[in-house]
Structures are given as C-alpha cells and as structure tokens.
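A.B. asks: Next comes data.cif, mmCIF, C-alpha atoms:
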```
data_data
loop_
_atom_site.label_atom_id
_atom_site.label_comp_id
_atom_site.auth_asym_id
_atom_site.auth_seq_id
_atom_site.Cartn_x
_atom_site.Cartn_y
_atom_site.Cartn_z
CA MET R 1 0.00 0.00 0.00
CA GLU R 2 2.91 2.33 0.62
CA PHE R 3 3.83 2.18 -3.05
CA PHE R 4 0.27 3.09 -4.01
CA GLU R 5 0.36 6.06 -1.63
CA LEU R 6 3.65 7.13 -3.16
CA ILE R 7 2.52 7.04 -6.79
CA ARG R 8 -0.64 8.99 -5.94
CA LYS R 9 1.48 11.96 -4.92
CA PRO R 10 2.72 14.29 -7.68
CA TRP R 11 5.77 12.81 -9.40
CA PRO R 12 8.98 14.86 -9.31
CA TRP R 13 10.71 15.91 -12.53
CA TYR R 14 13.57 13.45 -12.09
CA VAL R 15 11.05 10.58 -12.24
CA ALA R 16 8.81 11.92 -15.02
CA GLY R 17 11.52 13.32 -17.30
CA PRO R 18 13.56 10.11 -17.61
CA ILE R 19 10.37 8.06 -18.23
CA ILE R 20 9.39 10.45 -21.02
CA GLY R 21 12.92 10.29 -22.45
CA PHE R 22 12.78 6.52 -22.30
CA THR R 23 9.76 6.60 -24.62
CA VAL R 24 12.17 7.54 -27.44
CA PRO R 25 14.02 4.17 -27.54
CA VAL R 26 10.89 2.21 -26.60
CA LEU R 27 8.96 3.45 -29.65
CA LEU R 28 11.96 2.97 -31.92
CA LEU R 29 12.60 -0.58 -30.76
CA LEU R 30 8.93 -1.57 -30.69
CA GLY R 31 8.36 -0.62 -34.29
CA ASN R 32 10.78 1.96 -35.70
CA LYS R 33 8.55 4.87 -34.67
CA SER R 34 10.00 8.32 -34.09
CA PHE R 35 8.50 9.97 -31.04
CA GLY R 36 6.19 12.85 -31.95
CA ILE R 37 2.64 13.71 -31.10
CA SER R 38 1.50 16.70 -33.16
CA SER R 39 1.34 14.57 -36.33
CA SER R 40 -1.74 12.91 -34.88
CA LEU R 41 -3.60 16.14 -35.69
CA ARG R 42 -2.50 15.90 -39.31
CA HIS R 43 -3.54 12.25 -39.52
CA ILE R 44 -6.97 13.18 -38.18
CA CYS R 45 -7.26 15.79 -40.96
CA ALA R 46 -6.08 13.26 -43.54
CA ALA R 47 -8.54 10.65 -42.31
CA VAL R 48 -11.58 12.85 -41.79
CA ILE R 49 -11.37 16.08 -43.83
CA PRO R 50 -8.67 15.72 -46.51
CA ALA R 51 -10.70 18.04 -48.84
CA ASN R 52 -8.41 17.28 -51.77
CA ILE R 53 -5.53 19.23 -50.15
CA SER R 54 -2.23 17.68 -51.22
CA PHE R 55 -0.82 18.00 -47.69
CA PHE R 56 -3.44 15.53 -46.49
CA LYS R 57 -3.13 13.06 -49.34
CA TYR R 58 -0.90 10.34 -47.99
CA ASP R 59 -1.37 6.93 -46.47
CA TRP R 60 -2.42 7.96 -42.96
CA ARG R 61 -3.19 4.31 -42.15
CA LYS R 62 0.54 3.64 -42.19
CA GLU R 63 0.85 6.26 -39.44
CA ALA R 64 -2.15 4.96 -37.48
CA TRP R 65 0.12 4.01 -34.57
CA ASN R 66 0.18 7.71 -33.68
CA LEU R 67 -3.61 7.73 -33.26
CA PHE R 68 -3.44 4.67 -31.00
CA PHE R 69 -0.72 6.46 -29.03
CA VAL R 70 -2.79 9.60 -28.43
CA ALA R 71 -5.89 7.54 -27.57
CA GLY R 72 -3.67 5.87 -24.97
CA ILE R 73 -2.59 9.28 -23.63
CA ALA R 74 -6.25 10.22 -23.07
CA MET R 75 -6.89 6.89 -21.30
CA GLY R 76 -3.77 7.34 -19.20
CA GLY R 77 -4.99 10.81 -18.26
CA PHE R 78 -8.25 9.25 -17.10
CA ILE R 79 -6.51 6.53 -15.06
CA ALA R 80 -4.11 8.99 -13.42
CA THR R 81 -6.89 11.41 -12.52
CA TYR R 82 -9.58 9.01 -11.32
CA LEU R 83 -7.69 5.93 -10.07
CA LEU R 84 -4.40 7.44 -8.90
CA THR R 85 -5.96 10.62 -7.57
CA ASN R 86 -3.62 13.03 -5.87
CA PRO R 87 -5.06 13.40 -2.34
CA GLU R 88 -3.95 17.02 -2.14
CA SER R 89 -4.59 19.99 -4.37
CA LEU R 90 -2.03 21.39 -6.78
CA VAL R 91 0.74 23.51 -5.29
CA VAL R 92 1.46 26.51 -7.49
CA ALA R 93 4.60 28.57 -6.90
CA ALA R 94 3.78 31.60 -4.74
CA SER R 95 5.26 34.06 -7.21
CA THR R 96 3.21 32.62 -10.11
CA GLN R 97 0.08 32.73 -7.92
CA TYR R 98 0.78 36.35 -7.10
CA SER R 99 1.34 37.40 -10.72
CA LEU R 100 -1.72 35.52 -11.96
CA SER R 101 -3.95 36.82 -9.20
CA GLN R 102 -3.02 40.33 -10.35
CA LEU R 103 -4.39 39.28 -13.73
CA GLY R 104 -7.69 38.03 -12.31
CA ILE R 105 -7.03 34.30 -11.83
CA THR R 106 -8.48 33.34 -8.46
CA ASP R 107 -8.76 29.54 -8.32
CA PHE R 108 -5.44 27.68 -7.98
CA SER R 109 -6.78 24.33 -6.78
CA GLY R 110 -7.04 22.32 -9.99
CA LEU R 111 -4.65 21.35 -12.77
CA MET R 112 -6.34 23.97 -14.93
CA PRO R 113 -7.60 27.37 -13.78
CA ALA R 114 -11.36 27.02 -13.24
CA ASP R 115 -11.65 30.74 -14.04
CA LEU R 116 -10.86 29.97 -17.67
CA PHE R 117 -11.34 26.30 -18.47
CA SER R 118 -14.95 25.70 -17.52
CA VAL R 119 -17.86 24.67 -19.69
CA GLU R 120 -19.82 27.87 -19.15
CA ASN R 121 -17.02 29.81 -20.85
CA ILE R 122 -17.43 28.00 -24.17
CA PHE R 123 -19.58 30.62 -25.84
CA THR R 124 -17.86 33.63 -24.32
CA LEU R 125 -14.88 35.77 -25.30
CA LYS R 126 -12.83 33.74 -22.79
CA GLY R 127 -13.69 30.57 -24.67
CA LEU R 128 -12.95 32.16 -28.01
CA ILE R 129 -9.49 33.26 -26.86
CA PHE R 130 -8.38 30.44 -24.57
CA PHE R 131 -9.89 27.46 -26.40
CA VAL R 132 -10.42 28.48 -30.01
CA LEU R 133 -7.58 30.93 -30.67
CA GLY R 134 -5.11 29.11 -28.39
CA GLY R 135 -5.91 25.73 -29.90
CA PHE R 136 -5.68 27.09 -33.43
CA LEU R 137 -2.20 28.50 -32.75
CA VAL R 138 -1.08 25.15 -31.30
CA GLY R 139 -2.35 23.20 -34.32
CA PHE R 140 -1.19 25.65 -36.98
CA GLY R 141 2.14 26.43 -35.29
CA THR R 142 3.21 22.85 -34.59
CA ARG R 143 2.51 21.76 -38.15
CA TYR R 144 4.22 24.82 -39.61
CA ALA R 145 7.21 24.09 -37.37
CA GLY R 146 7.08 20.39 -38.29
CA GLY R 147 6.71 19.17 -34.74
CA CYS R 148 5.96 20.07 -31.15
CA THR R 149 7.63 19.65 -27.78
CA SER R 150 7.81 15.89 -28.29
CA GLY R 151 8.89 15.80 -31.95
CA HIS R 152 11.37 18.67 -31.80
CA ALA R 153 12.34 19.40 -28.20
CA ILE R 154 12.62 15.77 -27.09
CA MET R 155 13.03 13.55 -30.18
CA GLY R 156 14.88 16.11 -32.32
CA LEU R 157 17.27 17.30 -29.62
CA SER R 158 17.93 13.70 -28.52
CA ASN R 159 18.96 13.02 -32.11
CA LEU R 160 21.12 16.18 -32.20
CA GLN R 161 19.10 17.82 -34.96
CA TRP R 162 19.92 21.53 -35.09
CA PRO R 163 16.62 22.51 -36.81
CA SER R 164 14.90 21.11 -33.72
CA LEU R 165 17.02 23.35 -31.52
CA ILE R 166 15.87 26.37 -33.53
CA ALA R 167 12.26 25.21 -33.27
CA THR R 168 12.60 24.69 -29.51
CA ILE R 169 14.15 28.15 -29.05
CA PHE R 170 11.22 29.72 -30.89
CA PHE R 171 8.69 27.66 -28.91
CA MET R 172 10.18 29.25 -25.82
CA VAL R 173 10.39 32.74 -27.34
CA GLY R 174 6.69 32.48 -28.30
CA GLY R 175 5.83 31.24 -24.84
CA PHE R 176 7.70 34.05 -23.09
CA PHE R 177 6.13 36.66 -25.37
CA SER R 178 2.70 35.16 -24.78
CA THR R 179 3.11 34.94 -21.00
CA TRP R 180 4.66 38.34 -20.38
CA ILE R 181 3.00 40.50 -23.03
CA LEU R 182 -0.01 38.84 -24.61
CA LEU R 183 -1.57 37.13 -21.59
CA PRO R 184 -1.86 40.22 -19.35
CA TRP R 185 -3.59 41.99 -22.20
CA LEU R 186 -5.88 39.06 -23.04
CA LEU R 187 -6.87 38.53 -19.40
CA GLN R 188 -7.62 42.22 -19.05
CA LEU R 189 -9.82 41.94 -22.10
CA VAL R 190 -11.92 39.09 -20.70
CA ASN R 191 -12.13 40.08 -17.03
CA MET W 1 17.89 28.00 -48.94
CA ALA W 2 17.51 28.54 -52.69
CA GLY W 3 17.49 24.81 -53.25
CA ILE W 4 14.72 24.29 -50.76
CA LYS W 5 12.62 27.03 -52.29
CA SER W 6 12.91 25.61 -55.79
CA ASN W 7 11.91 22.20 -54.44
CA SER W 8 8.79 23.66 -52.95
CA THR W 9 7.63 25.13 -56.22
CA GLU W 10 8.76 22.27 -58.42
CA GLY W 11 6.97 19.48 -56.72
CA ILE W 12 4.80 19.15 -53.67
CA ALA W 13 5.67 15.48 -53.37
CA LEU W 14 9.38 16.19 -53.09
CA PHE W 15 8.70 19.02 -50.67
CA ASP W 16 6.52 16.76 -48.61
CA LYS W 17 9.07 14.06 -48.40
CA GLU W 18 12.13 16.14 -47.70
CA GLN W 19 10.91 19.24 -45.93
CA ASP W 20 8.00 17.92 -44.08
CA SER W 21 9.17 14.67 -42.64
CA TYR W 22 6.37 14.84 -40.08
CA ASP W 23 7.36 14.03 -36.57
CA GLY W 24 6.29 10.68 -35.30
CA THR W 25 7.22 8.97 -38.55
CA ASN W 26 6.70 5.27 -38.95
CA GLN W 27 9.84 3.87 -40.56
CA GLN W 28 8.91 0.24 -40.13
CA THR W 29 8.52 -1.64 -43.42
CA GLN W 30 6.36 -4.45 -42.05
CA SER W 31 2.78 -3.31 -41.60
CA GLU W 32 1.00 -3.72 -38.32
CA GLY W 33 -2.67 -4.49 -37.93
CA PHE W 34 -5.03 -3.36 -35.23
CA ALA W 35 -3.59 -5.80 -32.72
CA GLY W 36 -0.02 -4.68 -33.50
CA ASN W 37 -0.98 -1.08 -32.98
CA LEU W 38 -2.30 -1.84 -29.50
CA LYS W 39 1.35 -1.79 -28.33
CA TYR W 40 1.36 1.95 -28.92
CA LEU W 41 -1.93 2.37 -27.11
CA ILE W 42 -0.31 0.80 -24.04
CA VAL W 43 2.79 3.02 -24.32
CA GLY W 44 0.38 5.96 -24.66
CA ILE W 45 -1.47 4.96 -21.49
CA PHE W 46 1.78 4.99 -19.48
CA PHE W 47 2.66 8.27 -21.08
CA GLY W 48 -0.69 9.84 -20.20
CA ILE W 49 -0.30 8.70 -16.59
CA VAL W 50 3.14 10.35 -16.39
CA PHE W 51 1.78 13.52 -17.96
CA VAL W 52 -0.92 13.87 -15.33
CA LYS W 53 0.98 12.58 -12.31
CA ALA W 54 3.91 14.91 -12.99
CA GLU W 55 1.37 17.71 -13.61
CA ILE W 56 2.92 18.49 -16.99
CA VAL W 57 -0.62 18.91 -18.30
CA SER W 58 -1.27 21.72 -15.83
CA TRP W 59 -1.76 25.22 -17.20
CA PHE W 60 -0.17 26.50 -13.98
CA ARG W 61 3.02 24.46 -14.45
CA ILE W 62 3.44 25.94 -17.93
CA GLN W 63 2.95 29.43 -16.47
CA GLU W 64 5.57 28.69 -13.79
CA MET W 65 7.97 27.64 -16.51
CA PHE W 66 7.52 30.76 -18.62
CA ARG W 67 7.69 32.94 -15.51
CA PHE W 68 10.89 31.22 -14.27
CA ASP W 69 9.12 30.46 -10.99
CA SER W 70 9.80 26.74 -10.98
CA PHE W 71 12.44 24.37 -12.25
CA HIS W 72 9.94 21.52 -12.69
CA MET W 73 9.23 21.73 -16.44
CA TYR W 74 12.85 22.52 -17.29
CA GLY W 75 13.84 19.46 -15.26
CA VAL W 76 11.27 17.26 -17.02
CA ILE W 77 12.23 18.31 -20.56
CA GLY W 78 15.95 18.47 -19.81
CA SER W 79 16.17 15.03 -18.22
CA ALA W 80 13.96 13.57 -20.97
CA VAL W 81 16.40 14.87 -23.59
CA VAL W 82 19.40 13.48 -21.67
CA VAL W 83 17.81 10.02 -21.41
CA GLY W 84 16.70 10.14 -25.07
CA LEU W 85 20.16 11.21 -26.18
CA ILE W 86 21.96 8.47 -24.27
CA SER W 87 19.47 5.84 -25.49
CA LEU W 88 19.93 6.86 -29.12
CA GLN W 89 23.71 6.78 -28.74
CA ILE W 90 23.47 3.24 -27.33
CA ILE W 91 21.15 2.14 -30.16
CA LYS W 92 23.52 3.57 -32.77
CA ARG W 93 26.75 2.39 -31.14
CA PHE W 94 25.59 -1.19 -30.70
CA ASN W 95 23.42 -1.20 -33.80
CA ILE W 96 20.43 -2.46 -31.82
CA LYS W 97 17.60 -3.70 -34.06
CA THR W 98 13.85 -3.32 -33.54
CA ILE W 99 11.90 -6.28 -32.16
CA GLY W 100 10.87 -6.94 -35.78
CA GLY W 101 14.57 -7.22 -36.69
CA GLU W 102 14.78 -3.98 -38.68
CA MET W 103 17.51 -1.35 -38.57
CA VAL W 104 16.46 1.62 -36.46
CA SER W 105 15.92 4.57 -38.76
CA ILE W 106 15.16 8.16 -37.84
CA PRO W 107 14.39 10.70 -40.56
CA PRO W 108 16.59 13.80 -40.16
CA LYS W 109 14.92 17.17 -39.54
CA GLN W 110 15.39 19.61 -42.40
CA PHE W 111 15.62 23.28 -41.62
CA ASN W 112 13.02 25.64 -43.03
CA LYS W 113 11.66 28.98 -41.85
CA GLY W 114 8.59 27.21 -40.51
CA GLN W 115 10.60 26.24 -37.47
CA ILE W 116 10.94 29.95 -36.70
CA TYR W 117 7.47 31.28 -37.61
CA GLY W 118 5.56 28.13 -36.72
CA GLY W 119 7.62 27.60 -33.60
CA PHE W 120 6.82 31.12 -32.41
CA MET W 121 3.10 30.65 -33.13
CA PHE W 122 3.02 27.37 -31.26
CA GLY W 123 4.79 29.06 -28.34
CA LEU W 124 2.05 31.70 -28.19
CA GLY W 125 -0.60 28.99 -28.13
CA TRP W 126 1.32 26.88 -25.62
CA ALA W 127 1.21 29.64 -23.00
CA ILE W 128 -2.46 30.47 -23.72
CA THR W 129 -3.82 26.92 -23.61
CA GLY W 130 -1.22 25.57 -21.20
CA ALA W 131 -0.85 22.58 -23.47
CA CYS W 132 1.13 21.16 -26.30
CA PRO W 133 -0.61 18.54 -28.44
CA GLY W 134 0.15 15.58 -26.12
CA PRO W 135 -1.22 17.17 -22.95
CA LEU W 136 -4.38 18.20 -24.85
CA PHE W 137 -5.35 14.53 -25.05
CA ALA W 138 -4.37 13.92 -21.42
CA GLN W 139 -6.41 16.93 -20.25
CA ILE W 140 -9.49 15.59 -22.00
CA GLY W 141 -8.93 12.19 -20.36
CA SER W 142 -8.59 13.98 -17.02
CA GLY W 143 -12.14 15.23 -17.39
CA PHE W 144 -11.50 18.75 -18.71
CA LEU W 145 -14.06 18.29 -21.44
CA VAL W 146 -13.86 21.91 -22.63
CA VAL W 147 -10.42 21.04 -23.96
CA ILE W 148 -12.26 19.09 -26.68
CA ILE W 149 -12.94 22.54 -28.16
CA THR W 150 -9.22 23.37 -27.97
CA LEU W 151 -8.39 20.06 -29.67
CA LEU W 152 -10.93 20.63 -32.44
CA SER W 153 -9.52 24.09 -32.97
CA ALA W 154 -5.98 22.66 -33.08
CA ILE W 155 -7.16 20.21 -35.76
CA ALA W 156 -8.68 23.17 -37.62
CA GLY W 157 -5.35 24.99 -37.28
CA THR W 158 -3.47 22.04 -38.73
CA TRP W 159 -6.00 21.84 -41.56
CA THR W 160 -5.67 25.56 -42.30
CA TYR W 161 -1.89 25.17 -42.42
CA GLY W 162 -2.34 22.38 -44.98
CA LEU W 163 -4.60 24.62 -47.01
CA LEU W 164 -2.28 27.66 -46.98
CA ARG W 165 1.00 25.83 -46.99
CA SER W 166 2.13 26.66 -50.53
CA LYS W 167 1.58 30.39 -49.82
CA LEU W 168 3.55 30.46 -46.57
CA PRO W 169 7.28 31.22 -46.35
CA HIS W 170 9.32 28.10 -45.72
#
```
Translate this structure into structure tokens?
C.D. replies:
Amino acid sequence: MEFFELIRKPWPWYVAGPIIGFTVPVLLLLGNKSFGISSSLRHICAAVIPANISFFKYDWRKEAWNLFFVAGIAMGGFIATYLLTNPESLVVAASTQYSLSQLGITDFSGLMPADLFSVENIFTLKGLIFFVLGGFLVGFGTRYAGGCTSGHAIMGLSNLQWPSLIATIFFMVGGFFSTWILLPWLLQLVN
Amino acid sequence: MAGIKSNSTEGIALFDKEQDSYDGTNQQTQSEGFAGNLKYLIVGIFFGIVFVKAEIVSWFRIQEMFRFDSFHMYGVIGSAVVVGLISLQIIKRFNIKTIGGEMVSIPPKQFNKGQIYGGFMFGLGWAITGACPGPLFAQIGSGFLVVIITLLSAIAGTWTYGLLRSKLPH
C-alpha cells in the first residue's frame, strides 16, 4: 500500500523526465517509430477532412500508430486522474500565484484554472481566446514548425538535430512573449 | 535555402518528403494491424499517466515555466532529452535492431523557416492553452471536457496550415 500512496502523490521531474525520455528508444525498438505527437492532428485531418488538399493526401493508415498512441494518452490521463488521484490539491509557486492573481485568476486548486477552463465559458470571449484561438495556434504552429515539444524538443534534440534546436528556441520565445506581453492583455480583455 | 525554395515550387511530393518529414514517422517496413498497434496504445497509457501525475498537463506548471518560478518543467524536458540522447547513442553504437529485426531509422529534420514562424506561433498557443498537443489529449482524459474545443480548434489549425502551406514562407 505504501507504493500506491507514493505514486498517488505528484511525481517529481527526475522521475517523469527520464520516463518520457525513455519513450524515445521504446517506440523505436517496438516498431521503428519516431516519437512525436502533433502529427496525430495531421492524420486526423487526412482521415476525416482531406478536402483534396495535397498536404493531407498520404497513407495515414501507415501512421495509425500515432492515433493509437494519443488515444492511450487520453486513457492514461483518465486513469491517473480518477484511479491514482492526488489526495492534495495542486501547489502553485507563490510568485506565479501572485502574478496571476493580479491578472484576475483566483482559483489555484485544480490542474487547470477554473476561471478559464470551464464549460460555461465556451460561448464567451474567454472561450474564443483560450480554447479556439489558443488551440488554433497550437495546431497551426506545430505543423508549420514540423513538430511540437515531443517531436522537436525531445526527439529532435535527442537526435542532435539543429533545426529542432531552432524550433525549440522559438517555442520558448513564443511562450515568453505570450506569458509576459499577450496574456496580461488578453486577461484584461476578458475580465 | 535557394534549393529548398525551388523544391517547394517544383513538386509538392518532393517538398513533402524532404521538408516535411512529419514528426512521429513510422519507418517500419512491415505493416501492423489493429492488434499490433495496441502496443502503442499501451505506451500511450503509461505516457498519459506520467503527464498527469507529474502535472505536466497543468496550465499552472506551464505558467511557472515561462515565468521562471519553478524548475519543474525545465527538469522534465531536460532530463527527458538526456535520457533520449543516451538511449539513441546506445542504439547507434551497438546497432540495436527493432523487435521486428529492422535497422532503427530516424528521418533527419530539415531546416526551413517554418521552425521559426511556426515555432513562435506554437509558443504563443502553448502559454495560452497551457498545453502542447500531447497534454491536450491527457487533459481531456482527465475530465476537462472543454479542452475538446481546444483540440478541435488545433485540428482546424493544422488543416488551415495544410490549405495555406504553398503560400507560406518556408
């Protein structure tokens, strides 16, 4: 039972990071698959709405493993949340709490801020910005960049690919710009 | 860069193959059926558990990272890269084959300007949604059903990129 108690607590970075890194050789040795998640979005387009666009005309069935992988991620999310529930609420760094509370975020108990990510916000400006615009940038940007945190930052850097280093640097630059400049403005707009 | 540009106008197929080696490529020659693909579902399940238990899927953890208020995310990504790097070196050095007996093959990443423009755009979205594509799926599994909207919009974003791709600078 002690082990169960232990894994219910939040896992430290030095446990999670190496497991994630270990996925790289596991996928390669299981079936010659390069680690990368954002392609799943492209395969969904190719499978469901190819619309005669050449970018979506390829044999997505050959890449179906990626769709199984992301379905697994959703199931794993379910298991971790409902069966391995963390008995305590999330601990957010005091300085982040302070900065965000200045911007109108009040609830720090969940994984996601309830102030933004709740169902009643779907048809509001909050929903339009944080779900629709944010999601669009993630989908458009990762494909334009040819990968996301997994494909570039982890797989690409592990394989010493310099284009992945450039991509990772610009992921971070975009994130810093968004956090420090865009977000204060967007949160002011919706609150 | 001139060579890349001429490729992009000469033939989409060539451009696709060389410039857009999508991440997550399947390099295995033997095909796998539904049952074979279940392996990746299981790896995904473990992965999703790690994502949630290490709170990588949390919007707040991403904010802490971009605000330099916590080492957590830097530690996760950094140690993942170190383990990935060492593993790949071992695979290459000892020429370790896949369980199907094939040579391990990883398509190289080709540079194009998309890594700059697209990377920046993804970064903007990463801080707004608190998620990269992997965590989106984990957040939905965790019961944040509104993230389905984010995912649908990300799919729409990917689709729009496909539509506009020939007009964008690469």
A.B. asks: Work out how far atom CA of W:Ala138 is from atom CA of W:Glu64, in Å to one decimal.
C.D. replies: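 Those two atoms sit 19.4 Å apart.
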A.B. asks: Extract, using only C-alpha atoms, all DNA, RNA and protein residues at most 12 Å from R:Ser150, discarding same-chain residues fewer than 4 positions from it, and format them as a PyMOL selection string.
C.D. replies: (chain R and resi 17+20-21+23-24+34-40+142+146+154-158+164+167-168+171) or (chain W and resi 22-24+47+76-77+80-81+84+131-135)
A.B. asks: Which residues, named as in the file, does the PyMOL selection byres ((chain R and resi 46) around 12) pick out? Answer as a short mmCIF file (atom, residue, chain, number, x, y, z; two decimals) with C-alpha atoms, in the coordinates of the input.
C.D. replies:
```cif
data_model
loop_
_atom_site.label_atom_id
_atom_site.label_comp_id
_atom_site.auth_asym_id
_atom_site.auth_seq_id
_atom_site.Cartn_x
_atom_site.Cartn_y
_atom_site.Cartn_z
CA SER R 39 1.34 14.57 -36.33
CA SER R 40 -1.74 12.91 -34.88
CA LEU R 41 -3.60 16.14 -35.69
CA ARG R 42 -2.50 15.90 -39.31
CA HIS R 43 -3.54 12.25 -39.52
CA ILE R 44 -6.97 13.18 -38.18
CA CYS R 45 -7.26 15.79 -40.96
CA ALA R 47 -8.54 10.65 -42.31
CA VAL R 48 -11.58 12.85 -41.79
CA ILE R 49 -11.37 16.08 -43.83
CA PRO R 50 -8.67 15.72 -46.51
CA ALA R 51 -10.70 18.04 -48.84
CA ASN R 52 -8.41 17.28 -51.77
CA ILE R 53 -5.53 19.23 -50.15
CA SER R 54 -2.23 17.68 -51.22
CA PHE R 55 -0.82 18.00 -47.69
CA PHE R 56 -3.44 15.53 -46.49
CA LYS R 57 -3.13 13.06 -49.34
CA TYR R 58 -0.90 10.34 -47.99
CA ASP R 59 -1.37 6.93 -46.47
CA TRP R 60 -2.42 7.96 -42.96
CA ARG R 61 -3.19 4.31 -42.15
CA LYS R 62 0.54 3.64 -42.19
CA GLU R 63 0.85 6.26 -39.44
CA ALA R 64 -2.15 4.96 -37.48
CA LEU R 67 -3.61 7.73 -33.26
CA ILE W 155 -7.16 20.21 -35.76
CA ALA W 156 -8.68 23.17 -37.62
CA THR W 158 -3.47 22.04 -38.73
CA TRP W 159 -6.00 21.84 -41.56
CA GLY W 162 -2.34 22.38 -44.98
CA LEU W 163 -4.60 24.62 -47.01
#
```
A.B. asks: Have a look at atom CA of R:Glu5 and atom CA of R:Leu90 and let me know their distance in Å, one decimal.
C.D. replies: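 Atom CA of R:Glu5 sits 16.3 Å away from atom CA of R:Leu90.
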A.B. asks: I'd like the neighbourhood of W:Tyr117 as a VMD selection string, where a residue qualifies if any of its atoms comes within 8 Å (using all atoms listed in the file), though same-chain residues fewer than 6 positions away should be ignored.
C.D. replies: chain R and resid 141 144 to 145 170
A.B. asks: From the list R:Phe3, R:Phe108, R:Phe22, R:Lys33, which residue is nearest W:Met103 when using only C-alpha atoms?
C.D. replies: R:Lys33
A.B. asks: I'd like the interatomic distance between atom CA of W:Gly100 and atom CA of R:Gly31, to a tenth of an Å.
C.D. replies: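 According to the coordinates, atom CA of W:Gly100 and atom CA of R:Gly31 are separated by 7.0 Å.
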A.B. asks: Looking at W:Ile116, W:Leu124, W:Gly141, W:Leu85, which one is nearest to R:Gln161, with distances taken over only C-alpha atoms?
C.D. replies: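 Smallest separation from R:Gln161 among the options: W:Leu85.
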A.B. asks: For W:Tyr40, which of R:Pro184, R:Gly175, R:Gly135, R:Gly72 is the closest residue, counting only C-alpha atoms?
C.D. replies: R:Gly72
A.B. asks: Looking at W:Met121, W:Gly75, W:Lys113, W:Trp59, which one is nearest to W:Val147, with distances taken over all atoms listed in the file?
C.D. replies: W:Trp59
A.B. asks: Name the residues in contact with W:Ser58 at a cut-off of 7 Å, using only C-alpha atoms, excluding same-chain residues fewer than 6 positions from it; report them as a list in words.
C.D. replies: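 In the requested form, the answer reads Leu111 and Met112 of chain R; Gly130 of chain W.
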A.B. asks: Can you write just those residues out, C-alpha atoms, as an mmCIF file, in the frame of the given file?
C.D. replies:
```cif
data_model
loop_
_atom_site.group_PDB
_atom_site.id
_atom_site.type_symbol
_atom_site.label_atom_id
_atom_site.label_comp_id
_atom_site.auth_asym_id
_atom_site.auth_seq_id
_atom_site.Cartn_x
_atom_site.Cartn_y
_atom_site.Cartn_z
ATOM 1 C CA LEU R 111 -4.650 21.350 -12.770
ATOM 2 C CA MET R 112 -6.340 23.970 -14.930
ATOM 3 C CA GLY W 130 -1.220 25.570 -21.200
#
```
A.B. asks: Scan for residues within 9 Å of the point (18.7, 18.4, -36.3) in the coordinates of the file, using all atoms listed in the file, and reply as a PyMOL selection string.
C.D. replies: (chain R and resi 152+156-157+159-166) or (chain W and resi 108-111)
A.B. asks: Given the choices W:Met65, W:Val50, W:Gly101, W:Asn95, which gets closest to chain R if the distance is worked out from all atoms listed in the file?
C.D. replies: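 Of W:Met65, W:Val50, W:Gly101, W:Asn95, the one nearest chain R is W:Val50, counting all atoms listed in the file.
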A.B. asks: Using only C-alpha atoms, pick whichever of W:Ile90, W:Gln115, W:Val57, W:Gly33 has the shortest atom-to-atom distance to chain R.
C.D. replies: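 Ranked by minimum distance to chain R, first place goes to W:Gln115.
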A.B. asks: Using all atoms listed in the file, which residues sit within 9 Å of W:Tyr74 once same-chain residues fewer than 4 positions away are excluded, as a compact mmCIF listing (two decimals) with C-alpha atoms, in the frame of the given file?
C.D. replies:
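Listing of part-v5.txt after writing:
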```txt
# COMPACT_ATOMS: atom_id res chain seq x y z
CA TRP R 13 10.71 15.91 -12.53
CA MET W 65 7.97 27.64 -16.51
CA SER W 70 9.80 26.74 -10.98
CA GLY W 78 15.95 18.47 -19.81
CA SER W 79 16.17 15.03 -18.22
```
A.B. asks: Applied to this file, what does the PyMOL selection byres ((chain W and resi 144) around 12) return in terms of residues, put as a PyMOL selection string?
C.D. replies: (chain R and resi 74+77-78+81+110-114+116-119+131) or (chain W and resi 57-59+135-143+145-151)
A.B. asks: Output the selection as a compact mmCIF listing (two decimals), in the coordinates of the input - C-alpha atoms for each residue.
C.D. replies:
```
# COMPACT_ATOMS: atom_id res chain seq x y z
CA ALA R 74 -6.25 10.22 -23.07
CA GLY R 77 -4.99 10.81 -18.26
CA PHE R 78 -8.25 9.25 -17.10
CA THR R 81 -6.89 11.41 -12.52
CA GLY R 110 -7.04 22.32 -9.99
CA LEU R 111 -4.65 21.35 -12.77
CA MET R 112 -6.34 23.97 -14.93
CA PRO R 113 -7.60 27.37 -13.78
CA ALA R 114 -11.36 27.02 -13.24
CA LEU R 116 -10.86 29.97 -17.67
CA PHE R 117 -11.34 26.30 -18.47
CA SER R 118 -14.95 25.70 -17.52
CA VAL R 119 -17.86 24.67 -19.69
CA PHE R 131 -9.89 27.46 -26.40
CA VAL W 57 -0.62 18.91 -18.30
CA SER W 58 -1.27 21.72 -15.83
CA TRP W 59 -1.76 25.22 -17.20
CA PRO W 135 -1.22 17.17 -22.95
CA LEU W 136 -4.38 18.20 -24.85
CA PHE W 137 -5.35 14.53 -25.05
CA ALA W 138 -4.37 13.92 -21.42
CA GLN W 139 -6.41 16.93 -20.25
CA ILE W 140 -9.49 15.59 -22.00
CA GLY W 141 -8.93 12.19 -20.36
CA SER W 142 -8.59 13.98 -17.02
CA GLY W 143 -12.14 15.23 -17.39
CA LEU W 145 -14.06 18.29 -21.44
CA VAL W 146 -13.86 21.91 -22.63
CA VAL W 147 -10.42 21.04 -23.96
CA ILE W 148 -12.26 19.09 -26.68
CA ILE W 149 -12.94 22.54 -28.16
CA THR W 150 -9.22 23.37 -27.97
CA LEU W 151 -8.39 20.06 -29.67
```
A.B. asks: Residues picked by the PyMOL selection byres ((chain R and resi 180-182) around 12) here, as a ChimeraX atom specification?
C.D. replies: /R:96,99-100,103,129-130,134,172-179,183-189 /W:63-68,123-125,127-128
A.B. asks: Put a box with edges along x, y and z around all the listed atoms of stretch 168-177 of chain R, pad it by 5 Å on each side, then give me its centre and sizes in Å, one decimal, as lines of an AutoDock Vina configuration file.
C.D. replies:
```
center_x = 10.0
center_y = 30.7
center_z = -27.0
size_x = 18.3
size_y = 22.0
size_z = 17.8
```
